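Have a look at the structure below before the remarks.
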Amino acid sequence: MLFDRQSEKKYMAGMDLRDDACQISYCRWQKGRLLQEPVTWSAVPGSDQFDIPMALCKTVGENQWFFGEEAVSHSSEENHIFLPRLLSMALDGSPVVLEDTEYDPAALLALYVNRCLRYLELAVPGGEIAAVMFTARTMDARMIGLLESVRRRLDLKAKVYYQSFAGSFYDFMLNQDESLREPAAALFDYETGGRLHVTKLIFNPHTTPVVSYLEENEYPGLFAKDDAGRDLEFKNILKDELAGHNFSSVYLVGSGFKGSWMKKSTAFLCQGRRAFLGGNLFSKGAAYGAVFKEEKPEILSRYLFLDSNKLRSNILVTALDRGEPARISLVDAGINWYEVKCSAELVLDSTAEINLILHPLTGGREEPFHIRLDRLPVREGRMTRVRMEFSMLSPVKLHIRIEDLGFGDIFPSSGLRWEQDLVLEGA
């Protein structure tokens, strides 16, 4: 059992999961105040060796497992079996056969995550981790299902949260000075030999709260044969991507930006904006994100972030409130779709129909939804009470479960239940 939860825990951790490596950052928060900025675990204290290779290695004929750098160091030895890219292996789900024994790839990933989290026990007083935020490039239903399996296997008692890299970038920027954050910030994420990912975070100061949204793009990579050619290639990408908005800051993340090859591109970057080079932004952002989930600092009330995982519309119901027609909010925009789990009780006014409204925050017309409760006994005098439960099956598919509750001892429940999926195109 890791991180047995207690009321005085104040450390928040962020874990950046990639297919080749992961990183762990942690910070300390107390009573609305950050006591310690996020620190990223490093193999060599004081260095920027933040990556923990996403790999295991098993000794042939023994139940001995190495992970991370140790796994890589044993990978070329004949009496060891090397297992790299554990994340994609676990997402694929196919059993892994080693020495005639079949292993669940989710269990192998859990073993790796367990070993990584043990590093925190060396840096953080025992039992003081309140929450862990896992972040990955894509946080979809399949990834969340896998990470939920890992959480159950490890019996984590700390709270566990999930968000995409885009969400971690946003949380990171909320903890930077406003002069770096607004009106826009850009992130270029490039691993050597991989794709170049571009994320632009745009803030609209003319709304209350300030609405922020993403513009994303990606390139196959940089393919020039020499440094000068790659420098010019990247400069041209920067010119295209940074046009159209006034960017206060630009962040370069990933091994692809290491070295001294960026000369013309760096000169262009620093014209009227600040540029930063680093490798641990996502794990730091995830640590901040864990803080936001646990403590809800005041800055969250001033901003609303709408990425591809966020519900972009409020879901309301038309009902009577103290005898007057009203529009009551059931699900608020800005929440991750996979975190939508709520319920409400509603007294119907001599009708077997529920009227929902989708109210988009990004503009556009409201969209009505009418749910007919077939066979529901309509009781006069507002004596029909139902419970509605809401969850999301995807960013645009709302699942609704409705149950007839009856009305106390006067009208027992009919036992009827209804389930319906609604596609929220504007969500």
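A note on labels: chains of the structure tokens are A, B, ... as shown, every chain counts residues from 1, and ligands are counted from 1 in their shown order.
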Considering only C-alpha atoms, return as a VMD selection string whatever protein or nucleic-acid residues lie within 8 Å of Arg18 (chain A), sequence-local ones (same chain, fewer than 2 positions apart) excluded.
chain A and resid 16 20 to 22 54 87 136 to 137
Would you please give, as a count of residues only, all residues of region 101-326 of chain A that DSSP assigns to alpha helix (DSSP H) based on the backbone?
83
For region 344-354 of chain A, please output as JSON, numbers by chain all residues within 8 Å (counting only C-alpha atoms; exclusion window: fewer than 3 positions along the same chain).
{"A": [317, 318, 319, 320, 330, 370, 371, 372, 373, 374, 376, 377, 378, 379, 380, 381, 382, 383, 384, 385, 386, 387, 388, 389]}
Which residue, A:Asn114, A:Ser248, A:Ser42, A:Ser212, has the smallest gap to Asp307 (chain A) when you use only C-alpha atoms?
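Among the listed residues, the smallest separation from Asp307 (chain A) belongs to A:Ser212.
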From the list A:Leu86, A:Phe50, A:Phe203, A:Gly279, which residue is nearest Glu178 (chain A) when using only C-alpha atoms?
A:Phe203
Proximity to Arg28 (chain A) - best of A:Trp41, A:Tyr11, A:Trp261, A:Tyr103, only C-alpha atoms:
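Counting only C-alpha atoms, the residue closest to Arg28 (chain A) is A:Tyr11.
Residue nearest Leu91 (chain A), chosen from A:Leu109, A:Ala13, A:Ala166, A:Leu214 and counting only C-alpha atoms: A:Leu109.
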Nearest to Ala333 (chain A) among A:Gly259, A:Pro395, A:Gly278, A:Pro205, with distances taken over only C-alpha atoms: which residue is it?
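Of A:Gly259, A:Pro395, A:Gly278, A:Pro205, the one nearest Ala333 (chain A), counting only C-alpha atoms, is A:Pro395.
Residue nearest Glu182 (chain A), chosen from A:Leu300, A:Val250, A:Ala123, A:Leu306 and counting only C-alpha atoms: A:Val250.
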Shell of 8 Å around Cys57 (chain A), only C-alpha atoms, local chain residues under 5 positions omitted, as a list in words:
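Residues near the query, excluding close chain neighbours: Trp65, Phe66, Phe67, Ala71, Val72, His74, Ser75, His80, Ile81, Phe82 and Leu83 of chain A.
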Apply DSSP to the backbone of this structure and, from region 142-215 of chain A, keep only the residues in strand (DSSP E); write these as a list in words.
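Assigned to strand (DSSP E), within region 142-215 of chain A: Lys159, Val160, Tyr161, Tyr162, Gln163, Ser164, Ala184, Ala185, Ala186, Leu187, Phe188, Asp189, Tyr190, Leu196, His197, Val198, Thr199, Lys200, Leu201, Ile202, Phe203, Asn204, Val210, Val211, Ser212, Tyr213, Leu214 and Glu215 of chain A.
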Any chance you can output those residues with N, CA and C atoms as a compact mmCIF listing (two decimals), in the first residue's frame?
# COMPACT_ATOMS: atom_id res chain seq x y z
N LYS A 159 -5.25 10.40 -3.27
CA LYS A 159 -6.18 10.66 -4.35
C LYS A 159 -5.43 10.62 -5.68
N VAL A 160 -6.10 10.12 -6.71
CA VAL A 160 -5.47 9.97 -8.02
C VAL A 160 -6.31 10.73 -9.04
N TYR A 161 -5.62 11.52 -9.87
CA TYR A 161 -6.29 12.29 -10.91
C TYR A 161 -5.57 12.08 -12.24
N TYR A 162 -6.25 12.44 -13.34
CA TYR A 162 -5.70 12.25 -14.67
C TYR A 162 -5.95 13.50 -15.51
N GLN A 163 -4.97 13.86 -16.33
CA GLN A 163 -5.19 14.92 -17.30
C GLN A 163 -4.18 14.80 -18.44
N SER A 164 -4.51 15.44 -19.55
CA SER A 164 -3.65 15.41 -20.74
C SER A 164 -2.47 16.37 -20.56
N ALA A 184 -1.17 35.18 -24.67
CA ALA A 184 -1.03 33.83 -25.22
C ALA A 184 0.35 33.28 -24.88
N ALA A 185 0.44 31.96 -24.80
CA ALA A 185 1.71 31.26 -24.58
C ALA A 185 1.75 30.06 -25.52
N ALA A 186 2.94 29.69 -25.95
CA ALA A 186 3.09 28.58 -26.90
C ALA A 186 4.08 27.56 -26.36
N LEU A 187 3.82 26.31 -26.69
CA LEU A 187 4.67 25.20 -26.27
C LEU A 187 5.05 24.37 -27.49
N PHE A 188 6.34 24.11 -27.67
CA PHE A 188 6.84 23.24 -28.73
C PHE A 188 7.49 22.04 -28.05
N ASP A 189 6.98 20.87 -28.32
CA ASP A 189 7.41 19.63 -27.67
C ASP A 189 8.00 18.71 -28.74
N TYR A 190 9.29 18.43 -28.61
CA TYR A 190 9.98 17.69 -29.67
C TYR A 190 11.01 16.75 -29.08
N LEU A 196 7.03 16.75 -33.90
CA LEU A 196 7.07 18.05 -33.25
C LEU A 196 5.62 18.47 -32.95
N HIS A 197 5.29 18.58 -31.66
CA HIS A 197 3.94 18.93 -31.23
C HIS A 197 3.90 20.40 -30.83
N VAL A 198 2.89 21.11 -31.32
CA VAL A 198 2.73 22.53 -31.03
C VAL A 198 1.41 22.73 -30.29
N THR A 199 1.48 23.41 -29.15
CA THR A 199 0.29 23.73 -28.37
C THR A 199 0.30 25.22 -28.07
N LYS A 200 -0.76 25.90 -28.50
CA LYS A 200 -0.87 27.34 -28.25
C LYS A 200 -2.04 27.58 -27.30
N LEU A 201 -1.77 28.27 -26.20
CA LEU A 201 -2.76 28.55 -25.18
C LEU A 201 -3.17 30.01 -25.29
N ILE A 202 -4.42 30.25 -25.67
CA ILE A 202 -4.91 31.60 -25.94
C ILE A 202 -5.89 32.00 -24.85
N PHE A 203 -5.74 33.24 -24.33
CA PHE A 203 -6.62 33.76 -23.30
C PHE A 203 -7.48 34.89 -23.87
N ASN A 204 -8.75 34.85 -23.53
CA ASN A 204 -9.68 35.90 -23.95
C ASN A 204 -10.01 36.78 -22.74
N VAL A 210 -12.12 34.64 -17.41
CA VAL A 210 -11.31 34.65 -18.62
C VAL A 210 -11.31 33.24 -19.22
N VAL A 211 -11.81 33.12 -20.45
CA VAL A 211 -11.85 31.82 -21.12
C VAL A 211 -10.55 31.60 -21.88
N SER A 212 -9.97 30.45 -21.71
CA SER A 212 -8.75 30.09 -22.45
C SER A 212 -9.02 28.84 -23.27
N TYR A 213 -8.38 28.76 -24.42
CA TYR A 213 -8.59 27.63 -25.30
C TYR A 213 -7.28 27.30 -26.01
N LEU A 214 -7.28 26.17 -26.69
CA LEU A 214 -6.06 25.66 -27.32
C LEU A 214 -6.14 25.71 -28.84
N GLU A 215 -5.00 25.93 -29.46
CA GLU A 215 -4.81 25.67 -30.87
C GLU A 215 -3.63 24.70 -30.96
So that I can see what lies close to Arg151 (chain A), please list as a PyMOL selection string the residues with an atom at most 12 Å from it, counting only C-alpha atoms and leaving out residues fewer than 2 positions away in the same chain.
chain A and resi 1-3+106-107+109-111+113-114+117+132-134+144-149+153-162
Distance in Å - CA of Trp337 (chain A) versus CA of Glu419 (chain A)
18.4 Å
Which distance in Å separates CA of Asn217 (chain A) and CA of Gln176 (chain A), to one decimal?
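Going from CA of Asn217 (chain A) over to CA of Gln176 (chain A), I get 23.5 Å.
In this structure, CA of Thr101 (chain A) sits 21.5 Å away from CA of Ser76 (chain A).
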Name all residues at most 10 Å from Leu393 (chain A) (count only C-alpha atoms; drop same-chain ones fewer than 6 positions away) and give them as an MDAnalysis selection string.
chainID A and resid 141 337:338 340 399 421:423
Keeping only all heavy atoms, write the selected residues as a short mmCIF file (atom, residue, chain, number, x, y, z; two decimals), in the first residue's frame.
data_model
loop_
_atom_site.label_atom_id
_atom_site.label_comp_id
_atom_site.auth_asym_id
_atom_site.auth_seq_id
_atom_site.Cartn_x
_atom_site.Cartn_y
_atom_site.Cartn_z
N ALA A 141 -10.55 7.46 -22.91
CA ALA A 141 -11.16 6.42 -22.08
C ALA A 141 -10.24 5.21 -21.91
O ALA A 141 -10.18 4.61 -20.84
CB ALA A 141 -12.50 6.00 -22.68
N TRP A 337 -14.55 15.61 -19.14
CA TRP A 337 -15.72 14.76 -19.41
C TRP A 337 -15.71 13.49 -18.57
O TRP A 337 -16.77 13.01 -18.14
CB TRP A 337 -15.79 14.41 -20.90
CG TRP A 337 -14.68 13.54 -21.42
CD1 TRP A 337 -13.52 13.96 -21.99
CD2 TRP A 337 -14.63 12.11 -21.42
NE1 TRP A 337 -12.74 12.88 -22.34
CE2 TRP A 337 -13.40 11.74 -22.00
CE3 TRP A 337 -15.51 11.12 -20.99
CZ2 TRP A 337 -13.02 10.41 -22.16
CZ3 TRP A 337 -15.13 9.79 -21.14
CH2 TRP A 337 -13.90 9.45 -21.73
N TYR A 338 -14.52 12.94 -18.30
CA TYR A 338 -14.45 11.69 -17.55
C TYR A 338 -14.64 11.90 -16.05
O TYR A 338 -14.66 10.94 -15.28
CB TYR A 338 -13.13 10.96 -17.84
CG TYR A 338 -11.89 11.83 -17.77
CD1 TYR A 338 -11.29 12.14 -16.57
CD2 TYR A 338 -11.32 12.34 -18.94
CE1 TYR A 338 -10.16 12.92 -16.51
CE2 TYR A 338 -10.19 13.12 -18.90
CZ TYR A 338 -9.61 13.42 -17.69
OH TYR A 338 -8.48 14.20 -17.63
N VAL A 340 -17.30 13.79 -14.99
CA VAL A 340 -18.73 14.11 -14.83
C VAL A 340 -19.43 12.92 -14.18
O VAL A 340 -19.63 11.88 -14.81
CB VAL A 340 -19.39 14.45 -16.18
CG1 VAL A 340 -20.90 14.63 -15.99
CG2 VAL A 340 -18.77 15.72 -16.76
N HIS A 399 -24.53 10.29 -20.75
CA HIS A 399 -25.37 9.16 -20.35
C HIS A 399 -26.23 9.59 -19.17
O HIS A 399 -25.71 10.12 -18.17
CB HIS A 399 -24.52 7.96 -19.96
CG HIS A 399 -25.33 6.76 -19.55
ND1 HIS A 399 -26.05 6.01 -20.45
CD2 HIS A 399 -25.55 6.21 -18.33
CE1 HIS A 399 -26.67 5.04 -19.81
NE2 HIS A 399 -26.38 5.14 -18.52
N ASP A 421 -28.75 7.95 -23.91
CA ASP A 421 -27.52 8.64 -24.29
C ASP A 421 -27.87 9.82 -25.18
O ASP A 421 -28.67 9.68 -26.12
CB ASP A 421 -26.56 7.70 -25.04
CG ASP A 421 -26.05 6.57 -24.16
OD1 ASP A 421 -26.08 6.74 -22.93
OD2 ASP A 421 -25.62 5.54 -24.69
N LEU A 422 -27.28 10.96 -24.91
CA LEU A 422 -27.49 12.16 -25.72
C LEU A 422 -26.15 12.59 -26.31
O LEU A 422 -25.14 12.66 -25.60
CB LEU A 422 -28.06 13.30 -24.87
CG LEU A 422 -29.44 13.06 -24.25
CD1 LEU A 422 -29.84 14.28 -23.42
CD2 LEU A 422 -30.48 12.78 -25.31
N VAL A 423 -26.15 12.86 -27.60
CA VAL A 423 -24.94 13.36 -28.26
C VAL A 423 -24.97 14.88 -28.22
O VAL A 423 -25.87 15.52 -28.77
CB VAL A 423 -24.84 12.87 -29.72
CG1 VAL A 423 -23.63 13.47 -30.42
CG2 VAL A 423 -24.78 11.35 -29.76
#
Any idea what's packed within 9 Å of region 364-369 of chain A, counting only C-alpha atoms, ignoring anything in its chain fewer than 3 positions away? Could you give it as a list in words?
Ile354, Asn355, Leu356, Ile357, Leu358, His359, Pro360, Leu361, Leu422, Leu424 and Gly426 of chain A
